[in-house]
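S.K.: Quick one, structure-v3.pdb (PDB, C-alpha atoms, pLDDT in the B column):
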ATOM      1  CA  MET A   1      -0.658  -8.594 -35.887  1.00 62.00           C
ATOM      2  CA  THR A   2      -1.863  -5.022 -35.842  1.00 76.00           C
ATOM      3  CA  GLU A   3      -0.025  -2.243 -34.062  1.00 75.00           C
ATOM      4  CA  GLN A   4      -3.020  -1.865 -31.734  1.00 77.00           C
ATOM      5  CA  ALA A   5      -2.842  -5.554 -30.778  1.00 73.00           C
ATOM      6  CA  GLU A   6       0.901  -5.209 -30.090  1.00 74.00           C
ATOM      7  CA  GLU A   7       0.270  -2.187 -27.864  1.00 79.00           C
ATOM      8  CA  LYS A   8      -2.406  -4.089 -25.931  1.00 83.00           C
ATOM      9  CA  LYS A   9      -0.015  -6.998 -25.285  1.00 82.00           C
ATOM     10  CA  ASP A  10       2.683  -4.539 -24.281  1.00 86.00           C
ATOM     11  CA  TRP A  11       0.314  -2.823 -21.844  1.00 91.00           C
ATOM     12  CA  LEU A  12      -0.925  -6.093 -20.346  1.00 93.00           C
ATOM     13  CA  LEU A  13       2.575  -7.443 -19.716  1.00 95.00           C
ATOM     14  CA  LYS A  14       3.618  -4.166 -18.082  1.00 96.00           C
ATOM     15  CA  GLU A  15       0.518  -4.234 -15.857  1.00 96.00           C
ATOM     16  CA  LEU A  16       1.211  -7.817 -14.769  1.00 97.00           C
ATOM     17  CA  ILE A  17       4.816  -6.962 -13.944  1.00 97.00           C
ATOM     18  CA  GLU A  18       3.856  -3.816 -12.017  1.00 97.00           C
ATOM     19  CA  LYS A  19       1.070  -5.502 -10.028  1.00 98.00           C
ATOM     20  CA  SER A  20       3.224  -8.547  -9.189  1.00 98.00           C
ATOM     21  CA  GLN A  21       6.056  -6.307  -8.058  1.00 98.00           C
ATOM     22  CA  GLN A  22       3.803  -4.043  -6.009  1.00 98.00           C
ATOM     23  CA  VAL A  23       2.096  -6.861  -4.091  1.00 98.00           C
ATOM     24  CA  ALA A  24       5.326  -8.787  -3.455  1.00 98.00           C
ATOM     25  CA  ASN A  25       7.148  -5.669  -2.249  1.00 98.00           C
ATOM     26  CA  LEU A  26       4.272  -4.800   0.094  1.00 98.00           C
ATOM     27  CA  LYS A  27       4.548  -8.302   1.564  1.00 98.00           C
ATOM     28  CA  GLY A  28       8.276  -7.884   2.248  1.00 97.00           C
ATOM     29  CA  PHE A  29       9.766  -9.565  -0.807  1.00 97.00           C
ATOM     30  CA  LYS A  30      12.489  -7.651  -2.638  1.00 97.00           C
ATOM     31  CA  VAL A  31      14.805  -8.937  -5.349  1.00 98.00           C
ATOM     32  CA  ASP A  32      18.181  -7.403  -6.143  1.00 98.00           C
ATOM     33  CA  TRP A  33      20.953  -8.697  -8.368  1.00 98.00           C
ATOM     34  CA  ASP A  34      22.693 -10.527  -5.505  1.00 98.00           C
ATOM     35  CA  SER A  35      19.517 -12.327  -4.390  1.00 98.00           C
ATOM     36  CA  THR A  36      18.532 -13.312  -7.947  1.00 98.00           C
ATOM     37  CA  PRO A  37      19.874 -16.906  -7.752  1.00 98.00           C
ATOM     38  CA  THR A  38      17.836 -17.565  -4.613  1.00 97.00           C
ATOM     39  CA  TYR A  39      14.756 -16.060  -6.202  1.00 97.00           C
ATOM     40  CA  LEU A  40      15.244 -18.136  -9.353  1.00 98.00           C
ATOM     41  CA  MET A  41      15.234 -21.247  -7.185  1.00 98.00           C
ATOM     42  CA  LEU A  42      11.957 -20.116  -5.603  1.00 97.00           C
ATOM     43  CA  ILE A  43      10.533 -20.025  -9.140  1.00 98.00           C
ATOM     44  CA  VAL A  44      11.846 -23.547  -9.732  1.00 98.00           C
ATOM     45  CA  THR A  45      10.123 -24.562  -6.483  1.00 98.00           C
ATOM     46  CA  GLU A  46       6.792 -23.260  -7.784  1.00 98.00           C
ATOM     47  CA  LEU A  47       7.267 -25.300 -10.965  1.00 98.00           C
ATOM     48  CA  SER A  48       8.134 -28.382  -8.894  1.00 98.00           C
ATOM     49  CA  GLU A  49       4.947 -27.872  -6.921  1.00 98.00           C
ATOM     50  CA  ALA A  50       3.037 -27.646 -10.215  1.00 98.00           C
ATOM     51  CA  MET A  51       4.562 -30.972 -11.248  1.00 98.00           C
ATOM     52  CA  GLU A  52       3.359 -32.561  -8.015  1.00 98.00           C
ATOM     53  CA  LYS A  53      -0.153 -31.208  -8.583  1.00 98.00           C
ATOM     54  CA  TRP A  54      -0.081 -32.600 -12.129  1.00 98.00           C
ATOM     55  CA  ARG A  55       1.059 -36.000 -10.834  1.00 98.00           C
ATOM     56  CA  ASP A  56      -1.900 -36.011  -8.426  1.00 98.00           C
ATOM     57  CA  ASP A  57      -4.255 -34.844 -11.224  1.00 98.00           C
ATOM     58  CA  GLN A  58      -5.139 -31.703  -9.261  1.00 98.00           C
ATOM     59  CA  LYS A  59      -5.891 -29.252 -12.065  1.00 98.00           C
ATOM     60  CA  GLU A  60      -6.842 -26.337  -9.825  1.00 98.00           C
ATOM     61  CA  GLY A  61      -3.684 -26.701  -7.758  1.00 98.00           C
ATOM     62  CA  PHE A  62      -1.640 -27.041 -10.951  1.00 98.00           C
ATOM     63  CA  LYS A  63      -3.019 -23.759 -12.308  1.00 98.00           C
ATOM     64  CA  GLU A  64      -2.329 -22.044  -8.992  1.00 98.00           C
ATOM     65  CA  GLU A  65       1.318 -23.136  -8.934  1.00 98.00           C
ATOM     66  CA  ILE A  66       1.881 -22.078 -12.550  1.00 98.00           C
ATOM     67  CA  ALA A  67       0.342 -18.695 -11.683  1.00 98.00           C
ATOM     68  CA  ASP A  68       2.740 -18.449  -8.710  1.00 98.00           C
ATOM     69  CA  ALA A  69       5.705 -19.043 -11.044  1.00 98.00           C
ATOM     70  CA  PHE A  70       4.546 -16.285 -13.406  1.00 98.00           C
ATOM     71  CA  ILE A  71       3.967 -13.896 -10.501  1.00 98.00           C
ATOM     72  CA  ARG A  72       7.445 -14.555  -9.104  1.00 98.00           C
ATOM     73  CA  LEU A  73       8.983 -14.056 -12.574  1.00 98.00           C
ATOM     74  CA  PHE A  74       7.092 -10.812 -13.105  1.00 98.00           C
ATOM     75  CA  HIS A  75       8.049  -9.596  -9.616  1.00 98.00           C
ATOM     76  CA  MET A  76      11.712 -10.366 -10.224  1.00 98.00           C
ATOM     77  CA  VAL A  77      11.695  -8.571 -13.589  1.00 98.00           C
ATOM     78  CA  GLY A  78      10.113  -5.509 -11.981  1.00 98.00           C
ATOM     79  CA  ASP A  79      12.495  -5.373  -9.041  1.00 98.00           C
ATOM     80  CA  LEU A  80      15.521  -5.748 -11.313  1.00 98.00           C
ATOM     81  CA  GLY A  81      14.325  -2.836 -13.449  1.00 98.00           C
ATOM     82  CA  LEU A  82      13.944  -4.990 -16.548  1.00 98.00           C
ATOM     83  CA  LYS A  83      10.268  -4.342 -17.295  1.00 96.00           C
ATOM     84  CA  GLU A  84      10.693  -2.531 -20.620  1.00 95.00           C
ATOM     85  CA  GLU A  85      13.433  -4.853 -21.858  1.00 96.00           C
ATOM     86  CA  MET A  86      11.515  -7.998 -20.912  1.00 96.00           C
ATOM     87  CA  VAL A  87       8.323  -6.855 -22.591  1.00 95.00           C
ATOM     88  CA  LYS A  88      10.286  -6.261 -25.795  1.00 94.00           C
ATOM     89  CA  SER A  89      12.106  -9.584 -25.379  1.00 96.00           C
ATOM     90  CA  ILE A  90       8.915 -11.577 -24.787  1.00 94.00           C
ATOM     91  CA  LEU A  91       7.059 -10.043 -27.723  1.00 92.00           C
ATOM     92  CA  GLY A  92      10.133 -10.346 -29.950  1.00 93.00           C
ATOM     93  CA  LYS A  93      10.653 -13.979 -28.983  1.00 95.00           C
ATOM     94  CA  LEU A  94       7.008 -14.806 -29.679  1.00 92.00           C
ATOM     95  CA  LYS A  95       7.325 -13.243 -33.124  1.00 92.00           C
ATOM     96  CA  TYR A  96      10.569 -15.120 -33.803  1.00 95.00           C
ATOM     97  CA  ASN A  97       9.062 -18.445 -32.665  1.00 94.00           C
ATOM     98  CA  GLU A  98       6.344 -18.055 -35.295  1.00 93.00           C
ATOM     99  CA  THR A  99       9.062 -18.372 -37.954  1.00 94.00           C
ATOM    100  CA  ARG A 100      10.649 -21.517 -36.529  1.00 92.00           C
ATOM    101  CA  PRO A 101       9.994 -24.960 -37.997  1.00 92.00           C
ATOM    102  CA  TYR A 102       7.770 -27.574 -36.369  1.00 93.00           C
ATOM    103  CA  ARG A 103       9.383 -28.662 -33.061  1.00 90.00           C
ATOM    104  CA  HIS A 104      12.210 -26.332 -34.042  1.00 90.00           C
ATOM    105  CA  GLY A 105      13.359 -28.932 -36.554  1.00 90.00           C
ATOM    106  CA  ARG A 106      13.823 -31.724 -34.028  1.00 91.00           C
ATOM    107  CA  THR A 107      12.141 -35.116 -34.141  1.00 91.00           C
ATOM    108  CA  ARG A 108      11.720 -35.463 -30.374  1.00 86.00           C
ATOM    109  CA  LEU A 109      10.266 -33.128 -27.803  1.00 80.00           C
TER     110      LEU A 109
END
Give the structure from this file in structure tokens form.
M.R.:
Amino acid sequence: MTEQAEEKKDWLLKELIEKSQQVANLKGFKVDWDSTPTYLMLIVTELSEAMEKWRDDQKEGFKEEIADAFIRLFHMVGDLGLKEEMVKSILGKLKYNETRPYRHGRTRL
């Protein structure tokens, strides 16, 4: 991947984090270290809702719930002041995963 492509990914992730944080904060949602467990469970709730949409074969609803989970994750990262670290972690993890074997060497999912 070119350096320019890396910078574009970096910029996009930062924008998503900043926008998610801004909108959530304006609507009265604020995450701090002590409220993180509760907020993590709200993310789990969004994923549970996505599972229900999948079970009912509601593709639009499924996409919406997955988007909600990403937005909550991005908001939490922003509020906790982890934007820079998470961008590096996400891009680093993606790069690392490219080197891993098929199914990470396991026979079952």
S.K.: List the residues selected by the PyMOL selection byres ((chain A and resi 64-80) around 8) in the file shown, writing them as an NGL selection string.
M.R.: :A and (16-18 or 20-22 or 24 or 30-33 or 36 or 39 or 42-44 or 46-47 or 49-50 or 60-63 or 81-83 or 86)
S.K.: Expressed in Å to a single decimal, how great is the separation between CA of Ala5 (chain A) and CA of Gly92 (chain A)?
M.R.: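 Result for CA of Ala5 (chain A) versus CA of Gly92 (chain A): 13.9 Å, one decimal.
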S.K.: Report, in Å to a single decimal, how far apart CA of Trp54 (chain A) and CA of Met41 (chain A) are.
M.R.: 19.7 Å
S.K.: Quick one: everything within 12 Å of Lys9 (chain A), counting all atoms listed in the file, minus sequence neighbours fewer than 6 positions away in the same chain. Send it as a PyMOL selection string.
M.R.: chain A and resi 1-3+15-16+87-88+90-92+94
S.K.: For CA of Pro37 (chain A) and CA of Glu52 (chain A), quote the distance in Å rounded to one decimal.
M.R.: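 It comes out at 22.8 Å.
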S.K.: Box time for region 91-104 of chain A: axis-aligned, enclosing all its listed atoms, 5 Å extra on each side; report centre and edge lengths in Å to one decimal, as lines of an AutoDock Vina configuration file.
M.R.:
center_x = 9.3
center_y = -19.4
center_z = -32.9
size_x = 15.9
size_y = 28.6
size_z = 20.3
S.K.: Take region 71-94 of chain A, model N, CA and C atoms, and hand the result over as a PDB file, keeping the file's coordinate frame.
M.R.:
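Output (selection-v3.pdb):
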ATOM      1  N   ILE A  71       3.938 -15.050 -11.407  1.00 98.00           N
ATOM      2  CA  ILE A  71       3.967 -13.896 -10.501  1.00 98.00           C
ATOM      3  C   ILE A  71       5.379 -13.657  -9.985  1.00 98.00           C
ATOM      4  N   ARG A  72       6.071 -14.715  -9.584  1.00 98.00           N
ATOM      5  CA  ARG A  72       7.445 -14.555  -9.104  1.00 98.00           C
ATOM      6  C   ARG A  72       8.363 -14.041 -10.217  1.00 98.00           C
ATOM      7  N   LEU A  73       8.186 -14.545 -11.446  1.00 98.00           N
ATOM      8  CA  LEU A  73       8.983 -14.056 -12.574  1.00 98.00           C
ATOM      9  C   LEU A  73       8.718 -12.575 -12.824  1.00 98.00           C
ATOM     10  N   PHE A  74       7.438 -12.217 -12.863  1.00 98.00           N
ATOM     11  CA  PHE A  74       7.092 -10.812 -13.105  1.00 98.00           C
ATOM     12  C   PHE A  74       7.634  -9.910 -11.998  1.00 98.00           C
ATOM     13  N   HIS A  75       7.533 -10.370 -10.746  1.00 98.00           N
ATOM     14  CA  HIS A  75       8.049  -9.596  -9.616  1.00 98.00           C
ATOM     15  C   HIS A  75       9.557  -9.377  -9.769  1.00 98.00           C
ATOM     16  N   MET A  76      10.270 -10.459 -10.083  1.00 98.00           N
ATOM     17  CA  MET A  76      11.712 -10.366 -10.224  1.00 98.00           C
ATOM     18  C   MET A  76      12.104  -9.384 -11.335  1.00 98.00           C
ATOM     19  N   VAL A  77      11.429  -9.478 -12.465  1.00 98.00           N
ATOM     20  CA  VAL A  77      11.695  -8.571 -13.589  1.00 98.00           C
ATOM     21  C   VAL A  77      11.482  -7.116 -13.167  1.00 98.00           C
ATOM     22  N   GLY A  78      10.395  -6.866 -12.440  1.00 98.00           N
ATOM     23  CA  GLY A  78      10.113  -5.509 -11.981  1.00 98.00           C
ATOM     24  C   GLY A  78      11.157  -4.993 -11.019  1.00 98.00           C
ATOM     25  N   ASP A  79      11.512  -5.811 -10.029  1.00 98.00           N
ATOM     26  CA  ASP A  79      12.495  -5.373  -9.041  1.00 98.00           C
ATOM     27  C   ASP A  79      13.875  -5.138  -9.656  1.00 98.00           C
ATOM     28  N   LEU A  80      14.215  -5.904 -10.679  1.00 98.00           N
ATOM     29  CA  LEU A  80      15.521  -5.748 -11.313  1.00 98.00           C
ATOM     30  C   LEU A  80      15.542  -4.630 -12.349  1.00 98.00           C
ATOM     31  N   GLY A  81      14.391  -3.957 -12.521  1.00 98.00           N
ATOM     32  CA  GLY A  81      14.325  -2.836 -13.449  1.00 98.00           C
ATOM     33  C   GLY A  81      14.381  -3.255 -14.913  1.00 98.00           C
ATOM     34  N   LEU A  82      13.873  -4.442 -15.192  1.00 98.00           N
ATOM     35  CA  LEU A  82      13.944  -4.990 -16.548  1.00 98.00           C
ATOM     36  C   LEU A  82      12.599  -4.998 -17.271  1.00 98.00           C
ATOM     37  N   LYS A  83      11.631  -4.279 -16.740  1.00 96.00           N
ATOM     38  CA  LYS A  83      10.268  -4.342 -17.295  1.00 96.00           C
ATOM     39  C   LYS A  83      10.239  -4.060 -18.795  1.00 96.00           C
ATOM     40  N   GLU A  84      10.753  -2.919 -19.204  1.00 95.00           N
ATOM     41  CA  GLU A  84      10.693  -2.531 -20.620  1.00 95.00           C
ATOM     42  C   GLU A  84      11.430  -3.535 -21.505  1.00 95.00           C
ATOM     43  N   GLU A  85      12.632  -3.924 -21.074  1.00 96.00           N
ATOM     44  CA  GLU A  85      13.433  -4.853 -21.858  1.00 96.00           C
ATOM     45  C   GLU A  85      12.758  -6.217 -21.978  1.00 96.00           C
ATOM     46  N   MET A  86      12.151  -6.680 -20.879  1.00 96.00           N
ATOM     47  CA  MET A  86      11.515  -7.998 -20.912  1.00 96.00           C
ATOM     48  C   MET A  86      10.266  -7.998 -21.776  1.00 96.00           C
ATOM     49  N   VAL A  87       9.504  -6.931 -21.731  1.00 95.00           N
ATOM     50  CA  VAL A  87       8.323  -6.855 -22.591  1.00 95.00           C
ATOM     51  C   VAL A  87       8.754  -6.952 -24.047  1.00 95.00           C
ATOM     52  N   LYS A  88       9.775  -6.202 -24.422  1.00 94.00           N
ATOM     53  CA  LYS A  88      10.286  -6.261 -25.795  1.00 94.00           C
ATOM     54  C   LYS A  88      10.829  -7.649 -26.111  1.00 94.00           C
ATOM     55  N   SER A  89      11.536  -8.252 -25.164  1.00 96.00           N
ATOM     56  CA  SER A  89      12.106  -9.584 -25.379  1.00 96.00           C
ATOM     57  C   SER A  89      11.027 -10.643 -25.546  1.00 96.00           C
ATOM     58  N   ILE A  90      10.001 -10.593 -24.706  1.00 94.00           N
ATOM     59  CA  ILE A  90       8.915 -11.577 -24.787  1.00 94.00           C
ATOM     60  C   ILE A  90       8.183 -11.454 -26.113  1.00 94.00           C
ATOM     61  N   LEU A  91       7.792 -10.233 -26.471  1.00 92.00           N
ATOM     62  CA  LEU A  91       7.059 -10.043 -27.723  1.00 92.00           C
ATOM     63  C   LEU A  91       7.934 -10.376 -28.929  1.00 92.00           C
ATOM     64  N   GLY A  92       9.213 -10.021 -28.865  1.00 93.00           N
ATOM     65  CA  GLY A  92      10.133 -10.346 -29.950  1.00 93.00           C
ATOM     66  C   GLY A  92      10.341 -11.846 -30.092  1.00 93.00           C
ATOM     67  N   LYS A  93      10.457 -12.528 -28.963  1.00 95.00           N
ATOM     68  CA  LYS A  93      10.653 -13.979 -28.983  1.00 95.00           C
ATOM     69  C   LYS A  93       9.416 -14.693 -29.518  1.00 95.00           C
ATOM     70  N   LEU A  94       8.238 -14.221 -29.142  1.00 92.00           N
ATOM     71  CA  LEU A  94       7.008 -14.806 -29.679  1.00 92.00           C
ATOM     72  C   LEU A  94       6.957 -14.668 -31.200  1.00 92.00           C
TER      73      LEU A  94
END
